[in-house]
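Q: Handing over query.cif, mmCIF, C-alpha atoms.
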data_input
loop_
_atom_site.label_atom_id
_atom_site.label_comp_id
_atom_site.auth_asym_id
_atom_site.auth_seq_id
_atom_site.Cartn_x
_atom_site.Cartn_y
_atom_site.Cartn_z
CA MET A 1 6.12 26.02 -10.83
CA PRO A 2 5.07 22.46 -11.64
CA LEU A 3 7.89 19.94 -11.83
CA HIS A 4 8.64 18.10 -15.08
CA LEU A 5 10.88 15.17 -15.95
CA GLU A 6 13.74 17.58 -16.72
CA ASP A 7 13.69 18.77 -13.09
CA PHE A 8 14.67 15.36 -11.72
CA ALA A 9 18.11 13.77 -11.52
CA PRO A 10 19.51 10.72 -9.70
CA GLY A 11 20.74 11.56 -6.22
CA GLN A 12 18.25 14.35 -5.54
CA THR A 13 16.51 14.17 -2.19
CA PHE A 14 13.21 15.48 -0.92
CA ARG A 15 11.95 15.49 2.67
CA SER A 16 8.55 16.02 4.22
CA GLY A 17 6.53 15.53 7.36
CA PRO A 18 6.24 15.14 10.24
CA VAL A 19 2.96 13.29 10.66
CA THR A 20 1.92 12.04 14.09
CA VAL A 21 0.27 8.61 14.28
CA GLU A 22 -2.89 9.09 16.36
CA GLU A 23 -4.25 6.11 18.33
CA ALA A 24 -7.90 6.90 17.54
CA GLU A 25 -7.11 7.05 13.83
CA VAL A 26 -5.10 3.79 13.99
CA ILE A 27 -8.18 2.09 15.46
CA ALA A 28 -10.67 3.71 13.06
CA PHE A 29 -8.55 2.88 9.99
CA ALA A 30 -8.11 -0.71 11.13
CA ARG A 31 -11.80 -1.22 11.91
CA ARG A 32 -12.65 -0.24 8.35
CA TYR A 33 -9.75 -1.72 6.38
CA ASP A 34 -7.70 -4.18 8.46
CA PRO A 35 -9.96 -5.46 11.27
CA GLN A 36 -7.53 -7.61 13.24
CA PRO A 37 -7.20 -7.31 17.04
CA PHE A 38 -3.52 -6.26 17.06
CA HIS A 39 -4.61 -3.19 15.03
CA THR A 40 -8.05 -2.47 16.55
CA ASP A 41 -7.56 -3.31 20.24
CA PRO A 42 -4.56 -1.89 22.18
CA GLU A 43 -5.13 -4.35 25.04
CA ALA A 44 -5.37 -7.47 22.87
CA ALA A 45 -2.30 -6.32 20.93
CA LYS A 46 -0.09 -6.70 24.02
CA GLU A 47 -0.49 -10.47 23.76
CA HIS A 48 0.44 -10.73 20.07
CA PRO A 49 3.68 -12.75 19.68
CA LEU A 50 5.04 -10.68 16.77
CA PHE A 51 3.77 -7.18 17.50
CA ARG A 52 3.90 -7.23 21.34
CA GLY A 53 1.86 -4.05 21.48
CA HIS A 54 -0.52 -1.92 19.47
CA ALA A 55 0.55 -1.61 15.84
CA ALA A 56 -0.94 0.38 12.98
CA SER A 57 -1.98 -1.45 9.84
CA GLY A 58 0.84 -1.34 7.31
CA TRP A 59 -1.69 0.19 4.92
CA HIS A 60 -2.23 3.01 7.40
CA THR A 61 1.53 3.64 7.41
CA ALA A 62 1.36 3.63 3.61
CA ALA A 63 -1.56 6.08 3.56
CA LEU A 64 0.14 8.50 5.99
CA THR A 65 3.27 8.22 3.85
CA MET A 66 1.29 9.16 0.74
CA ARG A 67 0.16 12.32 2.51
CA MET A 68 3.83 13.24 2.90
CA VAL A 69 4.56 12.27 -0.73
CA VAL A 70 1.92 14.77 -1.87
CA GLU A 71 3.50 17.41 0.36
CA ALA A 72 6.93 16.73 -1.19
CA LEU A 73 6.05 15.97 -4.82
CA GLY A 74 2.42 17.02 -5.35
CA HIS A 75 3.61 19.88 -7.55
CA ILE A 76 4.75 17.46 -10.25
CA GLU A 77 2.83 18.42 -13.41
CA GLY A 78 -0.29 16.22 -13.35
CA GLY A 79 0.37 15.14 -9.75
CA ALA A 80 2.36 12.49 -7.90
CA ILE A 81 1.27 9.32 -9.69
CA GLY A 82 2.83 5.88 -9.52
CA GLY A 83 1.92 2.53 -11.00
CA GLY A 84 3.27 0.63 -8.01
CA GLY A 85 6.58 -0.65 -6.73
CA GLU A 86 8.30 -2.71 -4.07
CA LEU A 87 6.80 -2.10 -0.63
CA GLN A 88 8.40 -3.19 2.66
CA TRP A 89 7.46 -2.70 6.30
CA PRO A 90 10.65 -3.48 8.27
CA ARG A 91 8.97 -2.74 11.63
CA PRO A 92 5.54 -1.70 12.88
CA THR A 93 4.28 1.85 13.29
CA ARG A 94 2.98 2.53 16.82
CA PRO A 95 0.41 5.05 18.03
CA GLY A 96 2.31 8.16 19.09
CA ASP A 97 5.04 7.68 16.51
CA VAL A 98 6.10 10.77 14.60
CA LEU A 99 6.85 9.93 10.98
CA THR A 100 8.93 11.74 8.40
CA LEU A 101 9.63 10.93 4.76
CA GLU A 102 12.94 10.87 2.89
CA ILE A 103 12.79 10.49 -0.88
CA GLU A 104 15.84 9.76 -3.02
CA ILE A 105 15.65 9.88 -6.82
CA LEU A 106 17.30 6.73 -8.22
CA GLU A 107 16.66 6.81 -11.98
CA VAL A 108 15.14 9.21 -14.52
CA THR A 109 14.15 7.56 -17.81
CA PRO A 110 12.47 9.27 -20.78
CA SER A 111 9.83 7.04 -22.35
CA ARG A 112 10.83 5.52 -25.70
CA SER A 113 7.28 5.17 -26.93
CA ARG A 114 5.74 8.34 -25.43
CA PRO A 115 7.87 11.44 -26.09
CA ASP A 116 5.71 13.56 -23.74
CA ARG A 117 6.63 11.69 -20.55
CA GLY A 118 9.10 9.56 -18.65
CA ALA A 119 9.58 7.52 -15.49
CA VAL A 120 11.19 8.53 -12.22
CA LEU A 121 12.25 5.68 -9.93
CA ALA A 122 12.43 6.82 -6.29
CA ARG A 123 13.18 5.26 -2.93
CA MET A 124 10.75 6.57 -0.31
CA ARG A 125 11.82 5.83 3.27
CA THR A 126 9.30 6.46 6.04
CA LEU A 127 11.13 6.93 9.35
CA ASN A 128 9.89 7.02 12.92
CA GLN A 129 11.12 9.46 15.59
CA HIS A 130 14.11 7.14 16.28
CA GLY A 131 15.23 7.32 12.64
CA GLU A 132 14.15 3.69 12.10
CA GLU A 133 12.53 2.63 8.82
CA VAL A 134 8.87 1.69 9.20
CA GLN A 135 8.28 1.57 5.44
CA VAL A 136 10.40 1.55 2.31
CA PHE A 137 8.54 2.00 -0.98
CA THR A 138 10.32 2.11 -4.35
CA PRO A 139 7.77 3.34 -6.90
CA ARG A 140 8.16 4.26 -10.54
CA MET A 141 6.33 7.55 -11.06
CA VAL A 142 4.97 8.83 -14.36
CA VAL A 143 6.22 12.39 -14.96
CA PRO A 144 5.45 14.60 -17.99
CA ARG A 145 8.27 16.21 -19.95
CA ARG A 146 8.37 19.97 -20.16
CA PRO A 147 6.53 21.15 -23.29
CA ALA A 148 8.86 22.54 -25.94
CA GLY A 149 8.90 26.23 -26.81
CA MET B 1 -9.86 -23.64 13.24
CA PRO B 2 -6.90 -21.29 12.82
CA LEU B 3 -4.74 -21.95 9.77
CA HIS B 4 -1.08 -22.93 10.16
CA LEU B 5 1.79 -23.24 7.70
CA GLU B 6 0.92 -26.92 7.17
CA ASP B 7 -2.49 -25.91 5.81
CA PHE B 8 -0.99 -24.06 2.82
CA ALA B 9 0.29 -25.50 -0.46
CA PRO B 10 1.23 -23.95 -3.82
CA GLY B 11 -1.71 -23.70 -6.19
CA GLN B 12 -4.36 -23.20 -3.51
CA THR B 13 -6.78 -20.38 -4.16
CA PHE B 14 -8.92 -18.22 -1.88
CA ARG B 15 -11.58 -15.73 -2.92
CA SER B 16 -13.37 -12.95 -1.09
CA GLY B 17 -15.45 -9.85 -1.57
CA PRO B 18 -17.27 -8.11 -3.08
CA VAL B 19 -16.57 -4.62 -1.81
CA THR B 20 -18.24 -1.63 -3.47
CA VAL B 21 -16.13 1.51 -3.96
CA GLU B 22 -18.26 4.38 -2.60
CA GLU B 23 -17.70 7.86 -4.04
CA ALA B 24 -18.03 9.61 -0.67
CA GLU B 25 -15.41 7.30 0.83
CA VAL B 26 -13.07 7.80 -2.16
CA ILE B 27 -13.21 11.55 -1.53
CA ALA B 28 -12.87 11.29 2.26
CA PHE B 29 -9.91 8.89 2.03
CA ALA B 30 -8.18 11.10 -0.53
CA ARG B 31 -8.72 14.30 1.44
CA ARG B 32 -6.96 12.73 4.42
CA TYR B 33 -4.25 10.64 2.73
CA ASP B 34 -3.82 11.53 -0.95
CA PRO B 35 -5.15 15.09 -1.43
CA GLN B 36 -4.83 15.48 -5.20
CA PRO B 37 -7.71 16.80 -7.33
CA PHE B 38 -8.11 13.67 -9.49
CA HIS B 39 -8.91 11.80 -6.23
CA THR B 40 -10.79 14.48 -4.27
CA ASP B 41 -12.80 16.27 -6.99
CA PRO B 42 -14.88 14.28 -9.52
CA GLU B 43 -15.26 17.34 -11.78
CA ALA B 44 -11.57 18.27 -11.85
CA ALA B 45 -10.69 14.61 -12.47
CA LYS B 46 -12.43 14.68 -15.87
CA GLU B 47 -9.66 16.94 -17.15
CA HIS B 48 -6.76 14.77 -15.96
CA PRO B 49 -4.78 13.44 -18.95
CA LEU B 50 -4.01 10.04 -17.41
CA PHE B 51 -7.10 9.29 -15.32
CA ARG B 52 -9.78 10.96 -17.51
CA GLY B 53 -12.30 10.70 -14.69
CA HIS B 54 -12.57 10.28 -10.95
CA ALA B 55 -10.10 7.69 -9.61
CA ALA B 56 -9.59 6.32 -6.13
CA SER B 57 -6.17 6.64 -4.53
CA GLY B 58 -4.18 3.47 -5.13
CA TRP B 59 -3.79 3.30 -1.35
CA HIS B 60 -7.57 3.22 -1.02
CA THR B 61 -7.67 0.27 -3.41
CA ALA B 62 -4.97 -1.33 -1.26
CA ALA B 63 -6.91 -0.68 1.95
CA LEU B 64 -10.15 -2.11 0.54
CA THR B 65 -8.16 -5.11 -0.66
CA MET B 66 -6.78 -5.66 2.85
CA ARG B 67 -10.36 -5.83 4.13
CA MET B 68 -10.92 -8.72 1.72
CA VAL B 69 -7.60 -10.33 2.71
CA VAL B 70 -8.77 -10.39 6.34
CA GLU B 71 -12.06 -11.96 5.21
CA ALA B 72 -10.17 -14.67 3.29
CA LEU B 73 -7.14 -15.28 5.53
CA GLY B 74 -7.83 -13.58 8.87
CA HIS B 75 -8.15 -17.00 10.49
CA ILE B 76 -4.43 -17.67 10.04
CA GLU B 77 -3.03 -18.31 13.54
CA GLY B 78 -1.84 -14.88 14.74
CA GLY B 79 -3.57 -13.10 11.85
CA ALA B 80 -2.87 -12.18 8.23
CA ILE B 81 0.52 -10.46 8.52
CA GLY B 82 2.95 -9.57 5.77
CA GLY B 83 6.22 -7.73 5.70
CA GLY B 84 5.56 -6.27 2.27
CA GLY B 85 5.86 -7.28 -1.37
CA GLU B 86 5.57 -6.12 -4.94
CA LEU B 87 2.54 -3.86 -5.46
CA GLN B 88 1.12 -2.87 -8.85
CA TRP B 89 -1.91 -0.84 -9.92
CA PRO B 90 -2.47 -1.73 -13.60
CA ARG B 91 -5.54 0.56 -13.88
CA PRO B 92 -7.47 2.93 -11.63
CA THR B 93 -10.35 2.01 -9.35
CA ARG B 94 -13.45 4.13 -10.01
CA PRO B 95 -16.30 5.09 -7.69
CA GLY B 96 -19.04 2.51 -8.19
CA ASP B 97 -16.62 -0.29 -8.98
CA VAL B 98 -17.31 -3.62 -7.30
CA LEU B 99 -14.08 -5.32 -6.28
CA THR B 100 -13.32 -8.94 -5.54
CA LEU B 101 -10.10 -10.63 -4.45
CA GLU B 102 -8.42 -13.74 -5.83
CA ILE B 103 -5.48 -15.13 -3.88
CA GLU B 104 -3.18 -17.84 -5.22
CA ILE B 105 -0.58 -19.48 -3.01
CA LEU B 106 2.77 -19.54 -4.84
CA GLU B 107 5.34 -20.82 -2.33
CA VAL B 108 5.33 -22.26 1.20
CA THR B 109 8.72 -22.13 2.91
CA PRO B 110 9.48 -23.27 6.48
CA SER B 111 11.92 -20.91 8.19
CA ARG B 112 15.45 -22.28 8.60
CA SER B 113 16.24 -20.14 11.63
CA ARG B 114 12.82 -20.15 13.34
CA PRO B 115 11.34 -23.65 13.59
CA ASP B 116 7.99 -22.27 14.82
CA ARG B 117 7.10 -20.44 11.62
CA GLY B 118 7.45 -20.11 7.87
CA ALA B 119 6.67 -17.88 4.91
CA VAL B 120 3.79 -18.07 2.46
CA LEU B 121 4.23 -16.19 -0.82
CA ALA B 122 0.88 -15.30 -2.37
CA ARG B 123 -0.36 -13.42 -5.43
CA MET B 124 -3.36 -11.28 -4.51
CA ARG B 125 -5.28 -9.98 -7.53
CA THR B 126 -7.93 -7.34 -6.93
CA LEU B 127 -10.44 -7.37 -9.80
CA ASN B 128 -13.16 -4.93 -10.79
CA GLN B 129 -16.65 -5.93 -12.02
CA HIS B 130 -15.25 -6.42 -15.54
CA GLY B 131 -12.68 -8.94 -14.31
CA GLU B 132 -9.86 -6.43 -14.90
CA GLU B 133 -6.94 -6.20 -12.46
CA VAL B 134 -6.89 -2.95 -10.48
CA GLN B 135 -4.18 -4.17 -8.10
CA VAL B 136 -1.75 -7.06 -7.93
CA PHE B 137 0.10 -7.50 -4.65
CA THR B 138 2.58 -10.33 -4.05
CA PRO B 139 3.30 -10.39 -0.32
CA ARG B 140 5.28 -12.82 1.77
CA MET B 141 3.20 -13.63 4.85
CA VAL B 142 4.53 -14.88 8.17
CA VAL B 143 2.60 -18.02 9.22
CA PRO B 144 3.14 -20.08 12.41
CA ARG B 145 3.68 -23.83 12.17
CA ARG B 146 1.20 -26.09 13.91
CA PRO B 147 2.45 -26.88 17.44
CA ALA B 148 3.58 -30.49 17.84
CA GLY B 149 1.62 -32.97 19.94
#
Show how you would write the structure in this file as structure tokens.

A:
Amino acid sequence: MPLHLEDFAPGQTFRSGPVTVEEAEVIAFARRYDPQPFHTDPEAAKEHPLFRGHAASGWHTAALTMRMVVEALGHIEGGAIGGGGELQWPRPTRPGDVLTLEIEILEVTPSRSRPDRGAVLARMRTLNQHGEEVQVFTPRMVVPRRPAG
Amino acid sequence: MPLHLEDFAPGQTFRSGPVTVEEAEVIAFARRYDPQPFHTDPEAAKEHPLFRGHAASGWHTAALTMRMVVEALGHIEGGAIGGGGELQWPRPTRPGDVLTLEIEILEVTPSRSRPDRGAVLARMRTLNQHGEEVQVFTPRMVVPRRPAG
């Protein structure tokens, strides 16, 4: 059953994962999209004053998180679609980390101008195997209302 | 010459790109990280009520943008590193689009607690070949101060 706006309420939670962060994928992603030595070279990363070890690109953490968002909310009617939101990376993701996703619904708002849809504001916390936040994303998703009748 | 905090000032601009959005890469990225039919299947995407055609994952737009950020600002001492920021996708990126990046420096703030570094707030606008915004990201970057002496 696809989910509609009427299926969401503040306080609901959704969980998904785990996803394991693979070193080879961290390097391949970084070479293509974020080619900096603390992402592409595990040896060079040891010397980096902030990271002090090999770290995944934040955008890789975001991409792996989206995979878990689709697992949790891909059955929204029309798909899991957001126009953006506040994105934070409190600490780096490391190769070998095992990530899970916790989603909390914060607000559900029918559109005033478009009676067929609404917005769902959610807090999406990506956690590592120690329960530490590696990403917090707070997107506003576009969700269709259930058709009448 | 690596860039330090002292090299930044509000109003400065940096440009980079272009990057062409390749259909095969849009599909491969989406299959791995955002497996929804409007990203993975050009035919199915035609029927989607919001996208009305094949659209790249917003996270793919973000990843391609990061490649241009490294081109523009990778020579910051220690690298181009941000802890996050406000992320918006005003319209979808399409296969065949040619993206460029425009960065404007908004604020430069020495750290009160850490005399060796500061924060640079930047607005990073990713534009398609029509000059339309496909992503606006406003990150706060961590930038080292120039060592004395």

Q: Would you mind telling me which residue in B:Ile103, B:Ala72, B:Val136, B:His4 lies nearest to B:Asp116 when using only C-alpha atoms?

A: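 For B:Asp116, the nearest of the candidates is B:His4.
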
Q: For the file shown, report as a PyMOL selection string the outcome of the PyMOL selection byres ((chain A) within 6 of (chain B)) at residue level.

A: chain A and resi 33-34+63-64+66-67+83-89

Q: Using the chain letters and numbers from the file, which residues does the PyMOL selection byres ((chain A and resi 15-19) around 6) grab, as a PyMOL selection string?

A: chain A and resi 14+20+68+72+98-102

Q: Quote the spacing between atom CA of B:Ile105 and atom CA of B:Ala148 in Å to one decimal place.

A: 23.9 Å

Q: Rounded to one decimal place, report the atom CA of A:Ser113-atom CA of B:Ala45 distance in Å.

A: 24.9 Å

Q: For stretch 82-95 of chain A, I'd like the enclosing box, axis-aligned and padded by 6 Å on every side, reported as AutoDock Vina command-line options with centre and edge lengths in Å to one decimal.

A:
--center_x 5.5 --center_y 1.2 --center_z 3.5 --size_x 22.2 --size_y 21.4 --size_z 41.0

Q: Go ahead and compute the interatomic distance for atom CA of A:Asp7 and atom CA of A:Leu127, in Å to one decimal.

A: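 Atom CA of A:Leu127 lies at a distance of 25.5 Å from atom CA of A:Asp7.
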
Q: Got a sec to resolve the PyMOL selection byres ((chain A and resi 119) around 10) on this structure and send the residues as a compact mmCIF listing (two decimals) with C-alpha atoms, in the frame of the given file?

A:
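Contents of part-v1.txt, as written:
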# COMPACT_ATOMS: atom_id res chain seq x y z
CA LEU A 5 10.88 15.17 -15.95
CA GLY A 82 2.83 5.88 -9.52
CA GLU A 107 16.66 6.81 -11.98
CA VAL A 108 15.14 9.21 -14.52
CA THR A 109 14.15 7.56 -17.81
CA PRO A 110 12.47 9.27 -20.78
CA SER A 111 9.83 7.04 -22.35
CA ARG A 117 6.63 11.69 -20.55
CA GLY A 118 9.10 9.56 -18.65
CA VAL A 120 11.19 8.53 -12.22
CA LEU A 121 12.25 5.68 -9.93
CA ALA A 122 12.43 6.82 -6.29
CA PRO A 139 7.77 3.34 -6.90
CA ARG A 140 8.16 4.26 -10.54
CA MET A 141 6.33 7.55 -11.06
CA VAL A 142 4.97 8.83 -14.36
CA VAL A 143 6.22 12.39 -14.96
CA PRO A 144 5.45 14.60 -17.99
CA ARG A 145 8.27 16.21 -19.95

Q: Identify which of the residues A:Thr13, A:Arg112, A:Glu22, A:Pro95 lies closest to A:Gly53, counting all atoms listed in the file when measuring atom-to-atom distances.

A: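 Among the listed residues, A:Pro95 lies closest to A:Gly53.
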
Q: Have a look at B:Gly96, B:Met1, B:Gln12, B:Leu73 and name the one nearest to B:Ala24; count all atoms listed in the file.

A: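 Counting all atoms listed in the file, the residue closest to B:Ala24 is B:Gly96.
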